[in-house]
Amino acid sequence: MIIIIVTISIIVIGVIIYFILANSAQIDLSSLLNKEQESAAIDDSGTVILIKEELSADQNRIISLFGHPDQFTIIFDESYDNNRIDTWIYFNMEALFIFENGTYDSSEQYYGGKSQESEYEVLPQDFVYAMTPLEVETLIGQDGTESIDESTGLNILTFGGGEIICIFNPDNKLIIASKQNKLSDET
């Protein structure tokens, strides 16, 4: 009888210790994420899940016609309620499209030459306001090179020698994301 009680006690204590350790590991991972935003979450297994921006009907229409842009720049204008301004460039079409909060704003003719394929498979909807550098590195799948701009105090995170550039405000919240393909030597 004593052996059975000791065995059951050990099993119960082991289960309690397992749940405490699993919970603390999840809490430690949660502390890496910025809790003031909704750019990432943690699932039940402790995996970081990055939230994506939903594309508007205008943006989906452009993608359905031309595919995803070759290059893009996203600016989150903090002085105007974090308005999102997207600039999408299509080299083959020699076109540039501008969206404000997902709504088509304008387009222009743009000639930037021919671009090479990018090694980075990120899309405009992958970037959301206030992502942290850690969340961007998780999205890209590698560590970036960080630097601080002396005059502004902004944190700049680059990947692939400048193929992807992300700029963060002094609170380390994403305010600019840019994907630039390398230009081809062909003319």
# chains A, B, ... in the order shown; residues from 1 in each chain; ligands from 1
$ residues_around --residues "A:Asn181" --least-positions-apart "3" --cutoff "12 Å" --atoms "only C-alpha atoms" --output "mmCIF file with N, CA, C and O atoms, in the first residue's frame"
data_model
loop_
_atom_site.group_PDB
_atom_site.id
_atom_site.type_symbol
_atom_site.label_atom_id
_atom_site.label_comp_id
_atom_site.auth_asym_id
_atom_site.auth_seq_id
_atom_site.Cartn_x
_atom_site.Cartn_y
_atom_site.Cartn_z
ATOM 1 N N PRO A 69 4.210 42.202 -55.782
ATOM 2 C CA PRO A 69 5.164 43.193 -56.293
ATOM 3 C C PRO A 69 6.612 42.704 -56.217
ATOM 4 O O PRO A 69 6.967 41.904 -55.360
ATOM 5 N N ASP A 70 7.432 43.212 -57.155
ATOM 6 C CA ASP A 70 8.860 42.897 -57.148
ATOM 7 C C ASP A 70 9.542 43.588 -55.972
ATOM 8 O O ASP A 70 10.462 43.039 -55.366
ATOM 9 N N GLN A 71 9.132 44.793 -55.687
ATOM 10 C CA GLN A 71 9.668 45.585 -54.582
ATOM 11 C C GLN A 71 8.503 46.256 -53.884
ATOM 12 O O GLN A 71 7.468 46.490 -54.494
ATOM 13 N N PHE A 72 8.697 46.558 -52.612
ATOM 14 C CA PHE A 72 7.673 47.318 -51.906
ATOM 15 C C PHE A 72 8.309 48.080 -50.748
ATOM 16 O O PHE A 72 9.367 47.716 -50.248
ATOM 17 N N THR A 73 7.631 49.152 -50.379
ATOM 18 C CA THR A 73 7.987 49.917 -49.191
ATOM 19 C C THR A 73 6.697 50.202 -48.447
ATOM 20 O O THR A 73 5.693 50.587 -49.050
ATOM 21 N N ILE A 89 6.092 48.114 -56.464
ATOM 22 C CA ILE A 89 6.745 48.310 -57.754
ATOM 23 C C ILE A 89 6.753 47.003 -58.537
ATOM 24 O O ILE A 89 7.108 45.953 -58.006
ATOM 25 N N TYR A 90 6.373 47.112 -59.818
ATOM 26 C CA TYR A 90 6.405 45.985 -60.764
ATOM 27 C C TYR A 90 7.361 46.371 -61.888
ATOM 28 O O TYR A 90 7.064 47.260 -62.675
ATOM 29 N N PHE A 91 8.509 45.702 -61.952
ATOM 30 C CA PHE A 91 9.516 46.053 -62.958
ATOM 31 C C PHE A 91 9.044 45.753 -64.373
ATOM 32 O O PHE A 91 9.191 46.579 -65.264
ATOM 33 N N GLY A 112 12.803 50.956 -63.401
ATOM 34 C CA GLY A 112 13.911 50.705 -62.480
ATOM 35 C C GLY A 112 14.865 49.666 -63.010
ATOM 36 O O GLY A 112 15.725 49.183 -62.282
ATOM 37 N N GLY A 113 14.726 49.283 -64.272
ATOM 38 C CA GLY A 113 15.582 48.243 -64.827
ATOM 39 C C GLY A 113 14.982 46.873 -64.601
ATOM 40 O O GLY A 113 13.808 46.723 -64.319
ATOM 41 N N LYS A 114 15.805 45.852 -64.734
ATOM 42 C CA LYS A 114 15.368 44.473 -64.516
ATOM 43 C C LYS A 114 15.920 44.008 -63.180
ATOM 44 O O LYS A 114 17.049 44.317 -62.827
ATOM 45 N N SER A 115 15.114 43.281 -62.455
ATOM 46 C CA SER A 115 15.562 42.830 -61.138
ATOM 47 C C SER A 115 15.866 41.333 -61.165
ATOM 48 O O SER A 115 15.352 40.591 -61.991
ATOM 49 N N GLN A 116 16.710 40.945 -60.232
ATOM 50 C CA GLN A 116 17.014 39.528 -60.041
ATOM 51 C C GLN A 116 15.992 38.947 -59.081
ATOM 52 O O GLN A 116 15.322 39.673 -58.352
ATOM 53 N N GLU A 117 15.886 37.625 -59.064
ATOM 54 C CA GLU A 117 15.020 36.966 -58.098
ATOM 55 C C GLU A 117 15.552 37.230 -56.697
ATOM 56 O O GLU A 117 16.753 37.218 -56.466
ATOM 57 N N SER A 118 14.674 37.448 -55.778
ATOM 58 C CA SER A 118 15.065 37.681 -54.397
ATOM 59 C C SER A 118 15.130 36.361 -53.650
ATOM 60 O O SER A 118 14.342 35.451 -53.904
ATOM 61 N N GLU A 119 16.068 36.257 -52.725
ATOM 62 C CA GLU A 119 16.140 35.058 -51.890
ATOM 63 C C GLU A 119 15.118 35.124 -50.759
ATOM 64 O O GLU A 119 14.864 34.147 -50.083
ATOM 65 N N TYR A 120 14.518 36.301 -50.564
ATOM 66 C CA TYR A 120 13.566 36.495 -49.474
ATOM 67 C C TYR A 120 12.146 36.414 -50.008
ATOM 68 O O TYR A 120 11.786 37.118 -50.936
ATOM 69 N N GLU A 121 11.360 35.549 -49.410
ATOM 70 C CA GLU A 121 9.987 35.346 -49.854
ATOM 71 C C GLU A 121 9.009 36.030 -48.901
ATOM 72 O O GLU A 121 8.101 35.395 -48.377
ATOM 73 N N VAL A 122 9.212 37.300 -48.677
ATOM 74 C CA VAL A 122 8.296 38.055 -47.825
ATOM 75 C C VAL A 122 7.366 38.882 -48.710
ATOM 76 O O VAL A 122 7.723 39.271 -49.813
ATOM 77 N N PHE A 159 18.876 43.066 -43.945
ATOM 78 C CA PHE A 159 19.086 41.676 -44.334
ATOM 79 C C PHE A 159 19.607 41.652 -45.765
ATOM 80 O O PHE A 159 19.177 42.452 -46.597
ATOM 81 N N GLY A 160 20.507 40.716 -46.049
ATOM 82 C CA GLY A 160 20.985 40.535 -47.419
ATOM 83 C C GLY A 160 21.656 41.756 -47.989
ATOM 84 O O GLY A 160 21.440 42.077 -49.156
ATOM 85 N N GLY A 161 22.446 42.453 -47.220
ATOM 86 C CA GLY A 161 23.158 43.621 -47.724
ATOM 87 C C GLY A 161 22.239 44.763 -48.133
ATOM 88 O O GLY A 161 22.595 45.586 -48.971
ATOM 89 N N GLY A 162 21.053 44.822 -47.555
ATOM 90 C CA GLY A 162 20.127 45.917 -47.848
ATOM 91 C C GLY A 162 18.944 45.502 -48.700
ATOM 92 O O GLY A 162 18.132 46.340 -49.085
ATOM 93 N N GLU A 163 18.832 44.221 -48.981
ATOM 94 C CA GLU A 163 17.682 43.764 -49.769
ATOM 95 C C GLU A 163 16.384 43.970 -48.987
ATOM 96 O O GLU A 163 15.353 44.299 -49.546
ATOM 97 N N ILE A 164 16.456 43.763 -47.671
ATOM 98 C CA ILE A 164 15.330 44.079 -46.796
ATOM 99 C C ILE A 164 15.849 45.037 -45.730
ATOM 100 O O ILE A 164 16.865 44.766 -45.086
ATOM 101 N N ILE A 165 15.142 46.159 -45.578
ATOM 102 C CA ILE A 165 15.505 47.147 -44.569
ATOM 103 C C ILE A 165 14.257 47.444 -43.744
ATOM 104 O O ILE A 165 13.198 47.752 -44.292
ATOM 105 N N SER A 178 10.974 47.710 -46.063
ATOM 106 C CA SER A 178 11.249 47.854 -47.489
ATOM 107 C C SER A 178 11.947 46.610 -48.012
ATOM 108 O O SER A 178 12.892 46.116 -47.404
ATOM 109 N N SER A 184 19.473 43.582 -61.999
ATOM 110 C CA SER A 184 20.203 42.700 -62.905
ATOM 111 C C SER A 184 21.185 43.513 -63.736
ATOM 112 O O SER A 184 20.965 44.689 -64.018
#
$ residues_around --residues "stretch 74-78 of chain A" --least-positions-apart "3" --cutoff "6 Å" --atoms "only C-alpha atoms" --output "list of chain:residue names"
A:Asp81, A:Asn82, A:Asn83, A:Arg84, A:Ile85, A:Asp86, A:Ile175, A:Ile176, A:Ala177
$ closest_residue --among "A:Met1, A:Glu150, A:Ile63, A:Ile167" --to "A:Phe127" --atoms "only C-alpha atoms"
A:Ile167
$ select_by_dssp --residues "stretch 65-138 of chain A" --states "strand (DSSP E)" --output "ChimeraX atom specification"
/A:71-77,83-90,95-100,103-109
$ residues_around --residues "A:Glu108" --least-positions-apart "2" --cutoff "7 Å" --atoms "only C-alpha atoms" --output "list in words"
Ala95, Leu96, Phe97, Ser106 and Tyr110 of chain A
$ write_last_selection --atoms "all heavy atoms" --output "compact mmCIF listing (two decimals), in the first residue's frame"
# COMPACT_ATOMS: atom_id res chain seq x y z
N ALA A 95 5.62 49.88 -63.54
CA ALA A 95 4.54 50.55 -62.82
C ALA A 95 4.78 50.57 -61.32
O ALA A 95 5.41 49.66 -60.77
CB ALA A 95 3.22 49.86 -63.12
N LEU A 96 4.26 51.60 -60.69
CA LEU A 96 4.33 51.77 -59.25
C LEU A 96 2.91 52.08 -58.77
O LEU A 96 2.23 52.92 -59.37
CB LEU A 96 5.27 52.95 -58.94
CG LEU A 96 5.42 53.41 -57.52
CD1 LEU A 96 6.86 53.86 -57.31
CD2 LEU A 96 4.48 54.55 -57.19
N PHE A 97 2.46 51.37 -57.74
CA PHE A 97 1.12 51.57 -57.20
C PHE A 97 1.25 52.03 -55.75
O PHE A 97 2.06 51.49 -55.00
CB PHE A 97 0.29 50.29 -57.25
CG PHE A 97 0.02 49.82 -58.64
CD1 PHE A 97 0.87 48.92 -59.27
CD2 PHE A 97 -1.09 50.27 -59.34
CE1 PHE A 97 0.63 48.48 -60.56
CE2 PHE A 97 -1.34 49.85 -60.63
CZ PHE A 97 -0.48 48.95 -61.24
N SER A 106 -2.90 55.99 -56.06
CA SER A 106 -2.44 56.44 -57.37
C SER A 106 -1.46 55.42 -57.95
O SER A 106 -1.04 54.49 -57.27
CB SER A 106 -1.74 57.81 -57.26
OG SER A 106 -0.60 57.71 -56.44
N TYR A 110 7.05 53.68 -63.78
CA TYR A 110 8.30 53.56 -63.04
C TYR A 110 9.23 52.65 -63.81
O TYR A 110 8.87 51.53 -64.15
CB TYR A 110 8.02 52.96 -61.65
CG TYR A 110 9.27 52.73 -60.83
CD1 TYR A 110 9.79 53.75 -60.05
CD2 TYR A 110 9.94 51.52 -60.85
CE1 TYR A 110 10.92 53.57 -59.29
CE2 TYR A 110 11.09 51.32 -60.10
CZ TYR A 110 11.57 52.34 -59.31
OH TYR A 110 12.70 52.15 -58.57
$ atom_distance --atom1 "atom CA of A:Glu100" --atom2 "atom CA of A:Gly153"
26.4 Å
$ atom_distance --atom1 "atom CA of A:Phe168" --atom2 "atom CA of A:Leu55"
22.4 Å
$ residues_around --residues "A:Asn172" --least-positions-apart "3" --cutoff "7 Å" --atoms "only C-alpha atoms" --output "compact mmCIF listing (two decimals) with all heavy atoms, in the first residue's frame"
# COMPACT_ATOMS: atom_id res chain seq x y z
N THR A 132 8.35 43.87 -33.61
CA THR A 132 9.64 44.08 -32.96
C THR A 132 10.75 43.54 -33.86
O THR A 132 10.47 42.76 -34.78
CB THR A 132 9.70 43.35 -31.61
OG1 THR A 132 9.62 41.94 -31.85
CG2 THR A 132 8.57 43.80 -30.68
N PRO A 133 12.00 43.92 -33.60
CA PRO A 133 13.10 43.33 -34.38
C PRO A 133 13.11 41.81 -34.30
O PRO A 133 13.35 41.14 -35.31
CB PRO A 133 14.35 43.95 -33.74
CG PRO A 133 13.88 45.27 -33.22
CD PRO A 133 12.48 45.01 -32.73
N ASN A 155 16.34 52.57 -34.88
CA ASN A 155 17.02 51.29 -35.03
C ASN A 155 16.78 50.79 -36.46
O ASN A 155 15.64 50.71 -36.91
CB ASN A 155 16.47 50.29 -34.00
CG ASN A 155 17.15 48.95 -34.07
OD1 ASN A 155 18.18 48.77 -34.71
ND2 ASN A 155 16.57 47.97 -33.40
N PHE A 168 12.83 50.94 -37.07
CA PHE A 168 12.02 50.89 -35.86
C PHE A 168 12.15 52.23 -35.12
O PHE A 168 13.21 52.83 -35.11
CB PHE A 168 12.50 49.76 -34.94
CG PHE A 168 12.46 48.41 -35.60
CD1 PHE A 168 13.52 47.98 -36.39
CD2 PHE A 168 11.36 47.59 -35.47
CE1 PHE A 168 13.49 46.75 -37.01
CE2 PHE A 168 11.32 46.35 -36.08
CZ PHE A 168 12.38 45.94 -36.87
N ASN A 169 11.06 52.66 -34.49
CA ASN A 169 11.11 53.88 -33.70
C ASN A 169 11.92 53.63 -32.42
O ASN A 169 12.34 52.49 -32.17
CB ASN A 169 9.70 54.40 -33.42
CG ASN A 169 8.90 53.51 -32.49
OD1 ASN A 169 9.41 52.63 -31.81
ND2 ASN A 169 7.59 53.74 -32.46
$ atom_distance --atom1 "atom CA of A:Pro124" --atom2 "atom CA of A:Ile148"
24.1 Å
